[in-house]
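A.B. asks: So here's structure12.txt (compact mmCIF, C-alpha atoms and all ligand atoms).
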```txt
# COMPACT_ATOMS: atom_id res chain seq x y z
CA MET A 25 -206.41 -77.78 -75.87
CA ALA A 26 -209.08 -79.93 -77.49
CA PHE A 27 -210.26 -79.47 -81.05
CA VAL A 28 -214.01 -79.98 -80.79
CA SER A 29 -215.63 -80.81 -84.10
CA THR A 30 -218.90 -78.97 -84.70
CA LYS A 31 -219.49 -80.73 -88.01
CA MET A 32 -222.73 -82.73 -88.15
CA GLY A 33 -224.29 -85.08 -90.69
CA GLN A 34 -221.44 -87.60 -90.92
CA PHE A 35 -223.70 -90.65 -90.57
CA THR A 36 -226.05 -89.34 -93.27
CA TYR A 37 -223.04 -88.74 -95.51
CA PHE A 38 -221.45 -92.19 -95.06
CA SER A 39 -224.70 -94.16 -95.12
CA ARG A 40 -225.45 -92.60 -98.50
CA GLN A 41 -221.94 -93.27 -99.78
CA VAL A 42 -221.98 -96.95 -98.81
CA GLY A 43 -225.65 -97.40 -99.80
CA GLU A 44 -226.87 -98.76 -96.45
CA SER A 45 -228.63 -96.83 -93.70
CA VAL A 46 -229.23 -99.65 -91.21
CA TRP A 47 -226.02 -100.12 -89.25
CA ARG A 48 -227.73 -101.66 -86.21
CA GLY A 49 -225.80 -104.73 -85.05
CA LYS A 50 -222.70 -103.62 -87.00
CA LYS A 51 -219.39 -102.83 -85.34
CA VAL A 52 -218.22 -99.38 -86.35
CA LEU A 53 -214.79 -97.76 -86.04
CA ASP A 54 -214.82 -93.97 -86.40
CA PHE A 55 -211.19 -93.18 -87.16
CA GLY A 56 -210.39 -89.59 -86.16
CA GLY A 57 -213.90 -89.49 -84.74
CA ASN A 58 -213.15 -86.64 -82.30
CA ILE A 59 -216.12 -86.31 -79.86
CA GLY A 60 -218.26 -88.83 -81.74
CA ASN A 61 -220.45 -86.64 -83.94
CA LEU A 62 -221.10 -89.70 -86.13
CA LEU A 63 -223.27 -91.02 -83.25
CA ARG A 64 -224.93 -87.62 -82.69
CA ASP A 65 -226.34 -87.52 -86.22
CA PRO A 66 -230.14 -87.81 -85.77
CA ASN A 67 -230.17 -90.34 -88.65
CA SER A 68 -227.55 -92.58 -87.00
CA THR A 69 -228.53 -96.22 -86.54
CA ILE A 70 -225.25 -97.14 -84.79
CA GLU A 71 -225.62 -98.66 -81.34
CA GLU A 72 -223.57 -96.90 -78.66
CA GLU A 73 -221.89 -100.12 -77.52
CA HIS A 74 -220.93 -100.99 -81.09
CA TYR A 75 -219.08 -97.71 -81.64
CA TRP A 76 -215.28 -97.42 -81.40
CA CYS A 77 -213.40 -94.14 -81.79
CA ILE A 78 -209.66 -93.66 -82.31
CA ASP A 79 -208.24 -90.14 -82.23
CA VAL A 80 -204.98 -88.30 -81.61
CA ASP A 81 -206.79 -85.72 -79.45
CA GLN A 82 -207.08 -87.00 -75.89
CA ASN A 83 -209.32 -84.16 -74.70
CA ALA A 84 -211.82 -84.66 -77.50
CA LEU A 85 -211.98 -88.37 -76.66
CA GLU A 86 -212.65 -87.59 -72.99
CA ARG A 87 -215.56 -85.37 -73.99
CA GLY A 88 -216.93 -88.07 -76.27
CA GLN A 89 -216.57 -90.71 -73.57
CA ALA A 90 -218.39 -88.56 -71.00
CA PHE A 91 -221.37 -88.39 -73.37
CA TYR A 92 -221.27 -91.97 -74.64
CA PRO A 93 -219.73 -94.09 -71.84
CA LYS A 94 -220.82 -97.39 -73.40
CA SER A 95 -218.74 -96.70 -76.51
CA HIS A 96 -215.00 -97.44 -76.81
CA TRP A 97 -212.56 -94.54 -76.93
CA PHE A 98 -208.89 -94.96 -77.82
CA PHE A 99 -206.15 -92.36 -77.70
CA TYR A 100 -203.59 -92.76 -80.47
CA ASN A 101 -200.47 -90.71 -79.79
CA ARG A 102 -199.44 -90.36 -83.43
CA TYR A 103 -197.92 -87.13 -84.73
CA CYS A 104 -200.26 -84.89 -86.68
CA PHE A 105 -199.21 -81.39 -87.82
CA PHE A 106 -201.96 -79.49 -86.01
CA PHE A 107 -203.98 -82.03 -84.03
CA ASN A 108 -201.05 -83.68 -82.23
CA PRO A 109 -197.76 -81.86 -82.91
CA HIS A 110 -196.03 -83.57 -79.95
CA GLY A 111 -197.09 -87.07 -81.03
CA VAL A 112 -194.92 -89.91 -82.31
CA PRO A 113 -194.39 -89.95 -86.11
CA ASN A 114 -195.42 -93.15 -87.90
CA LEU A 115 -196.77 -94.83 -84.74
CA THR A 116 -198.72 -98.01 -85.56
CA LEU A 117 -202.42 -98.18 -84.73
CA PRO A 118 -203.35 -99.33 -81.22
CA GLY A 119 -204.37 -103.01 -81.06
CA LEU A 120 -208.12 -103.23 -80.61
CA ASP A 121 -208.53 -107.04 -80.72
CA GLN A 122 -211.53 -106.39 -82.90
CA THR A 123 -212.53 -106.25 -86.55
CA PHE A 124 -215.18 -103.91 -87.92
CA ASP A 125 -218.11 -104.01 -90.34
CA TYR A 126 -217.71 -100.31 -91.03
CA ILE A 127 -214.62 -98.14 -90.67
CA VAL A 128 -215.14 -94.49 -91.50
CA ALA A 129 -212.89 -91.44 -91.42
CA TYR A 130 -214.53 -88.09 -92.06
CA SER A 131 -212.13 -85.23 -92.84
CA VAL A 132 -209.13 -86.96 -91.30
CA PHE A 133 -206.87 -87.49 -94.32
CA THR A 134 -207.77 -83.97 -95.38
CA ASN A 135 -205.43 -82.94 -92.55
CA THR A 136 -202.56 -85.41 -92.80
CA THR A 137 -199.71 -85.97 -95.22
CA GLN A 138 -200.06 -88.42 -98.07
CA THR A 139 -197.54 -90.73 -96.38
CA ASP A 140 -199.75 -90.84 -93.28
CA MET A 141 -202.87 -91.47 -95.35
CA LEU A 142 -201.28 -94.39 -97.22
CA GLN A 143 -199.88 -95.98 -94.05
CA LEU A 144 -203.10 -95.55 -92.09
CA VAL A 145 -205.49 -96.70 -94.80
CA ASN A 146 -203.37 -99.81 -95.19
CA GLN A 147 -203.53 -100.52 -91.44
CA LEU A 148 -207.27 -99.77 -91.29
CA GLU A 149 -207.95 -102.22 -94.11
CA GLY A 150 -206.39 -104.86 -91.87
CA LEU A 151 -209.13 -104.17 -89.28
CA LEU A 152 -212.03 -104.89 -91.65
CA ALA A 153 -214.24 -107.88 -90.92
CA ASN A 154 -215.16 -110.12 -93.86
CA HIS A 155 -217.52 -108.14 -96.09
CA GLY A 156 -216.59 -105.02 -94.12
CA THR A 157 -216.39 -101.55 -95.66
CA LEU A 158 -213.84 -98.77 -95.17
CA ALA A 159 -214.96 -95.28 -96.26
CA PHE A 160 -212.90 -92.12 -95.94
CA THR A 161 -213.22 -88.63 -97.33
CA PHE A 162 -210.90 -86.42 -99.35
CA ILE A 163 -211.15 -83.02 -101.00
CA ASP A 164 -210.58 -82.51 -104.73
CA PRO A 165 -209.01 -79.04 -105.15
CA HIS A 166 -210.44 -78.52 -108.64
CA TYR A 167 -214.01 -79.63 -107.92
CA PHE A 168 -216.83 -77.06 -107.83
CA SER A 169 -218.96 -78.15 -104.86
CA TRP A 170 -221.72 -75.56 -104.94
CA PRO A 171 -222.19 -74.25 -108.49
CA GLY A 172 -224.62 -71.34 -108.50
CA GLN A 173 -224.00 -70.66 -104.81
CA TYR A 174 -220.22 -70.25 -104.69
CA HIS A 175 -218.15 -69.21 -107.69
CA GLY A 176 -214.90 -71.07 -107.06
CA ASN A 177 -213.49 -74.56 -106.69
CA ASN A 178 -212.67 -76.28 -103.40
CA PHE A 179 -209.14 -74.87 -103.27
CA GLN A 180 -210.42 -71.31 -103.77
CA TRP A 181 -213.04 -71.94 -101.11
CA ARG A 182 -210.31 -72.90 -98.66
CA LEU A 183 -208.29 -69.76 -99.44
CA ASP A 184 -211.38 -67.58 -98.95
CA ARG A 185 -212.07 -69.38 -95.67
CA GLU A 186 -208.50 -68.77 -94.49
CA LYS A 187 -208.94 -65.04 -95.22
CA GLU A 188 -212.17 -65.03 -93.23
CA LEU A 189 -210.56 -66.88 -90.31
CA ALA A 190 -207.65 -64.41 -90.30
CA ARG A 191 -210.16 -61.54 -90.10
CA GLU A 192 -211.87 -63.27 -87.16
CA ARG A 193 -208.46 -63.47 -85.43
CA GLY A 194 -208.10 -59.74 -86.01
CA SER A 195 -205.40 -60.02 -88.67
CA ILE A 196 -205.22 -59.65 -92.43
CA LEU A 197 -204.01 -62.32 -94.84
CA ASP A 198 -202.41 -60.24 -97.57
CA THR A 199 -201.01 -63.17 -99.56
CA ASP A 200 -201.25 -63.06 -103.36
CA MET A 201 -204.13 -65.59 -103.57
CA PRO A 202 -204.40 -65.52 -107.40
CA ALA A 203 -200.73 -66.60 -107.51
CA LEU A 204 -201.50 -69.57 -105.24
CA ILE A 205 -204.46 -70.49 -107.43
CA ARG A 206 -202.24 -70.40 -110.54
CA ARG A 207 -199.64 -72.64 -108.88
CA ALA A 208 -202.32 -75.14 -107.84
CA GLN A 209 -204.26 -75.28 -111.09
CA ASP A 210 -202.66 -78.37 -112.65
CA ALA A 211 -201.71 -80.18 -109.44
CA ASP A 212 -202.74 -83.77 -108.78
CA TRP A 213 -202.30 -83.16 -105.08
CA LEU A 214 -201.19 -80.39 -102.77
CA LEU A 215 -200.83 -79.27 -99.17
CA LEU A 216 -201.80 -75.85 -97.84
CA VAL A 217 -200.02 -75.18 -94.55
CA ASN A 218 -200.82 -72.34 -92.12
CA SER A 219 -203.17 -70.57 -94.55
CA ASP A 220 -200.79 -69.71 -97.41
CA ASP A 221 -197.70 -71.94 -97.39
CA LEU A 222 -198.40 -74.05 -100.48
CA TYR A 223 -196.70 -77.34 -101.43
CA ILE A 224 -197.39 -78.77 -104.88
CA GLU A 225 -197.02 -82.56 -105.07
CA THR A 226 -194.51 -82.65 -102.22
CA GLU A 227 -194.88 -82.99 -98.47
CA ASP A 228 -191.47 -81.56 -97.69
CA ILE A 229 -192.94 -79.02 -95.28
CA GLN A 230 -190.53 -76.47 -93.84
CA PRO A 231 -189.94 -76.83 -90.08
CA TYR A 232 -192.52 -75.14 -87.87
CA GLU A 233 -192.33 -75.08 -84.07
CA PRO A 234 -195.15 -77.20 -82.56
CA ASP A 235 -197.06 -74.14 -81.35
CA ARG A 236 -196.94 -72.68 -84.88
CA GLN A 237 -198.42 -75.80 -86.50
CA ARG A 238 -201.87 -74.37 -87.15
CA THR A 239 -203.37 -75.99 -90.24
CA CYS A 240 -202.34 -78.50 -92.88
CA HIS A 241 -205.01 -79.01 -95.54
CA ALA A 242 -204.41 -81.85 -98.01
CA PHE A 243 -206.09 -81.98 -101.43
CA TYR A 244 -206.13 -84.78 -104.02
CA THR A 245 -207.85 -84.98 -107.37
CA GLU A 246 -210.37 -87.74 -107.94
CA LYS A 247 -208.13 -89.10 -110.71
CA TYR A 248 -205.09 -89.21 -108.44
CA MET A 249 -207.00 -91.00 -105.64
CA LYS A 250 -207.97 -93.69 -108.17
CA ILE A 251 -204.27 -94.18 -108.86
CA LEU A 252 -203.37 -94.28 -105.14
CA PHE A 253 -206.21 -96.68 -104.30
CA PRO A 254 -206.93 -98.74 -107.44
CA HIS A 255 -209.08 -101.21 -105.45
CA ALA A 256 -211.37 -98.42 -104.14
CA THR A 257 -214.55 -96.94 -105.52
CA VAL A 258 -214.19 -93.17 -105.63
CA LEU A 259 -217.47 -91.30 -105.23
CA PRO A 260 -218.46 -87.63 -105.62
CA PRO A 261 -219.73 -85.66 -102.62
CA VAL A 262 -223.29 -86.18 -101.32
CA ASN A 263 -225.40 -84.39 -98.72
CA ASN A 264 -224.44 -80.97 -100.17
CA GLU A 265 -220.87 -81.42 -98.87
CA MET A 266 -217.50 -80.73 -100.49
CA GLN A 267 -215.78 -84.01 -99.64
CA HIS A 268 -215.43 -86.95 -102.02
CA CYS A 269 -215.40 -90.47 -100.64
CA CYS A 270 -213.16 -93.49 -101.16
CA VAL A 271 -214.90 -96.78 -100.45
CA ILE A 272 -212.95 -100.02 -100.01
CA ARG A 273 -214.86 -103.26 -99.49
CA LYS A 274 -213.37 -106.49 -98.18
CA SER A 275 -214.86 -109.47 -99.94
C1 LIG B 301 -211.49 -82.19 -89.01
S1 LIG B 301 -211.55 -83.23 -87.62
C2 LIG B 301 -212.91 -84.30 -88.01
C3 LIG B 301 -213.45 -84.98 -86.79
C4 LIG B 301 -214.59 -85.97 -87.04
N1 LIG B 301 -214.26 -86.99 -87.98
C5 LIG B 301 -215.83 -85.25 -87.46
O1 LIG B 301 -216.20 -85.34 -88.63
O2 LIG B 301 -216.44 -84.59 -86.60
C6 LIG B 301 -210.15 -84.32 -87.83
C7 LIG B 301 -209.98 -85.30 -86.70
O3 LIG B 301 -208.98 -86.25 -87.06
C8 LIG B 301 -208.15 -86.48 -85.95
N2 LIG B 301 -206.86 -87.00 -86.46
C9 LIG B 301 -205.94 -86.34 -87.18
N3 LIG B 301 -204.91 -87.16 -87.50
C10 LIG B 301 -205.22 -88.36 -86.98
C11 LIG B 301 -204.58 -89.63 -86.96
N4 LIG B 301 -203.39 -89.81 -87.54
N5 LIG B 301 -205.18 -90.64 -86.32
C12 LIG B 301 -206.40 -90.47 -85.71
N6 LIG B 301 -207.04 -89.29 -85.68
C13 LIG B 301 -206.47 -88.26 -86.32
C14 LIG B 301 -208.08 -85.13 -85.26
O4 LIG B 301 -207.64 -85.18 -83.94
C15 LIG B 301 -209.52 -84.65 -85.39
O5 LIG B 301 -210.31 -85.10 -84.33
```
Take the structure from the file and write it as structure tokens.

C.D. replies:
Amino acid sequence: MAFVSTKMGQFTYFSRQVGESVWRGKKVLDFGGNIGNLLRDPNSTIEEEHYWCIDVDQNALERGQAFYPKSHWFFYNRYCFFFNPHGVPNLTLPGLDQTFDYIVAYSVFTNTTQTDMLQLVNQLEGLLANHGTLAFTFIDPHYFSWPGQYHGNNFQWRLDREKELARERGSILDTDMPALIRRAQDADWLLLVNSDDLYIETEDIQPYEPDRQRTCHAFYTEKYMKILFPHATVLPPVNNEMQHCCVIRKS
């Protein structure tokens, strides 16, 4: 079953983060691009034929390709907890025989392990053209994204959202949320699996059958991302979003 992203505004977000809104003539790789919402953004200046998308969800790619046949769509059968539980762990990126002026990944490493993020960012950097830019998002658990509109930090927001989603499924999440918040409060990074299974600074996730691999939300503090990626510029969210951005430029 395909996961179809309904998120919009990704081009607006990345163009603001990299400080350039004219991407015409640039080759763009949308890593984990799903059905290609980056192109659907009304502000997008990316040309259809200059857009490449790699994703672990074959069905999403097929939908994207049906809409944008001149773009380039690549299935990547790599394991991912929810998005591709039958995939191959640690699979290397498909060869594209191409380098890119922009490589972006919106809300992809917010759903993978840290090991996956480090491996994949390293491989994506190898696909940058000279003077190319790689930009990918992450979520800081302790950051307050919407002060005045929402009382809590990003981690609390996620827990509230999980409660809401459980209600929509017709069930009740009766986990002790304040206890999870206390455990998370000093963490540099953490994983929240299947709504309430919390891992603090470890990715040693207990075994789940593939059909029980529902969600795996990864969080990193801004400070910790600067340690993981010392050559990156780490930027706060823009566009009224909750996701920070890591920008790596190849000189
Ligand atoms: C939350 S969705 C975001 C989709 C898209 N970037 C957007 O903003 O609409 C995460 C996407 O990342 C993809 N994904 C997860 N792990 C991946 C990996 N290791 N390689 C490529 N894509 C991956 C998923 O299949 C899914 O399409």

A.B. asks: Using only C-alpha atoms, can you list as a ChimeraX atom specification the residues within 10 Å of (-211.7, -80.7, -104.5)?

C.D. replies: /A:162-169,177-182,213,242-246,260-261,266-268

A.B. asks: Could the residues that lie within 6 Å of ligand LIG 301 (chain B), counting all atoms listed in the file, be listed as JSON, numbers by chain?

C.D. replies: {"A": [29, 31, 55, 56, 57, 58, 61, 78, 79, 80, 81, 102, 104, 107, 129, 130, 131, 132]}

A.B. asks: Taking only C-alpha atoms into account, produce a table as a tab-separated table in which each residue of range 85-111 of chain A with an atom at most 12 Å from an atom of range 225-232 of chain A appears once, together with its shortest atom pair and the distance in Å to one decimal, ordered by chain and rising number.

C.D. replies:
```
residue	atom	partner	partner_atom	distance
A:Phe105	CA	A:Tyr232	CA	9.2
A:Phe106	CA	A:Tyr232	CA	10.6
A:Pro109	CA	A:Tyr232	CA	9.9
```

A.B. asks: Could those residues be written to a file, using C-alpha atoms, as a PDB file, keeping the file's coordinate frame?

C.D. replies:
```pdb
ATOM      1  CA  PHE A 105    -199.210 -81.390 -87.820  1.00  0.00           C
ATOM      2  CA  PHE A 106    -201.960 -79.490 -86.010  1.00  0.00           C
ATOM      3  CA  PRO A 109    -197.760 -81.860 -82.910  1.00  0.00           C
TER       4      PRO A 109
END
```

A.B. asks: Measure the distance from CA of Arg273 in chain A to CA of Val52 in chain A in Å and round it to one decimal.

C.D. replies: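 Separating CA of Arg273 in chain A from CA of Val52 in chain A is a distance of 14.1 Å.
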
A.B. asks: Report the distance between CA of Lys94 in chain A and CA of Glu73 in chain A in Å, rounded to one decimal place.

C.D. replies: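 Interatomic distance, CA of Lys94 in chain A to CA of Glu73 in chain A: 5.1 Å.
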
A.B. asks: Find the distance between CA of Phe35 in chain A and CA of Asn218 in chain A and write it in Å to one decimal.

C.D. replies: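 Taking CA of Phe35 in chain A as the start and CA of Asn218 in chain A as the end point, the length is 29.3 Å.
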
A.B. asks: Could you tell me which of A:Asn114, A:Ser275, A:Tyr126, A:Phe98 comes closest to Ile70 in chain A if we count only C-alpha atoms?

C.D. replies: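 Of all the options, A:Tyr126 lies closest to Ile70 in chain A.
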
A.B. asks: Identify the residues within 12 Å of coordinate (-229.1, -85.6, -93.1) (same frame as the file), considering only C-alpha atoms, and give the answer as a list of chain:residue names.

C.D. replies: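 Within the cut-off we find A:Lys31, A:Met32, A:Gly33, A:Gln34, A:Phe35, A:Thr36, A:Tyr37, A:Phe38, A:Ser39, A:Arg40, A:Ser45, A:Leu62, A:Arg64, A:Asp65, A:Pro66, A:Asn67, A:Ser68, A:Val262, A:Asn263, A:Asn264, A:Glu265.
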
A.B. asks: In terms of the shortest atom-to-atom distance over only C-alpha atoms, which of A:Asp54, A:Val145, A:Gly60, A:His241 is closest to Thr30 in chain A?

C.D. replies: A:Gly60

A.B. asks: Please identify all polymer residues within 8 Å of range 148-154 of chain A, counting only C-alpha atoms, omitting same-chain residues fewer than 3 positions from it, and present them as an MDAnalysis selection string.

C.D. replies: chainID A and resid 122:127 144:145 157:158 274:275

A.B. asks: With distances taken over only C-alpha atoms, which of A:Gly49, A:Gly156, A:Gly176, A:Pro234 is nearest to His110 in chain A?

C.D. replies: A:Pro234

A.B. asks: Which residues are near Glu71 in chain A? Cut-off 8 Å, only C-alpha atoms, ignore same chain within fewer than 3 positions. Put them as a PyMOL selection string.

C.D. replies: chain A and resi 48-49+74-75

A.B. asks: Considering all atoms listed in the file, state which residue in the set A:Val128, A:Pro202, A:Ile251, A:Val217 is at the smallest distance from Gln41 in chain A.

C.D. replies: A:Val128

A.B. asks: Which residue gives the smallest distance to Leu204 in chain A among A:Ile224, A:Leu189, A:Cys270, A:Cys77, with all atoms listed in the file counted?

C.D. replies: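 When distances to Leu204 in chain A are compared using all atoms listed in the file, the smallest one comes from A:Ile224.
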
A.B. asks: For Phe27 in chain A, which residue out of A:Ala84, A:His255, A:Glu44, A:Glu72 is the nearest one, using all atoms listed in the file?

C.D. replies: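 For Phe27 in chain A, the nearest of the candidates is A:Ala84.
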
A.B. asks: Can you tell me, as lines of an AutoDock Vina configuration file, the centre and edge lengths (Å, one decimal) of the axis-aligned box enclosing all of range 49-58 of chain A's listed atoms after padding each side by 5 Å?

C.D. replies:
```
center_x = -218.1
center_y = -95.7
center_z = -84.7
size_x = 25.4
size_y = 28.1
size_z = 14.9
```
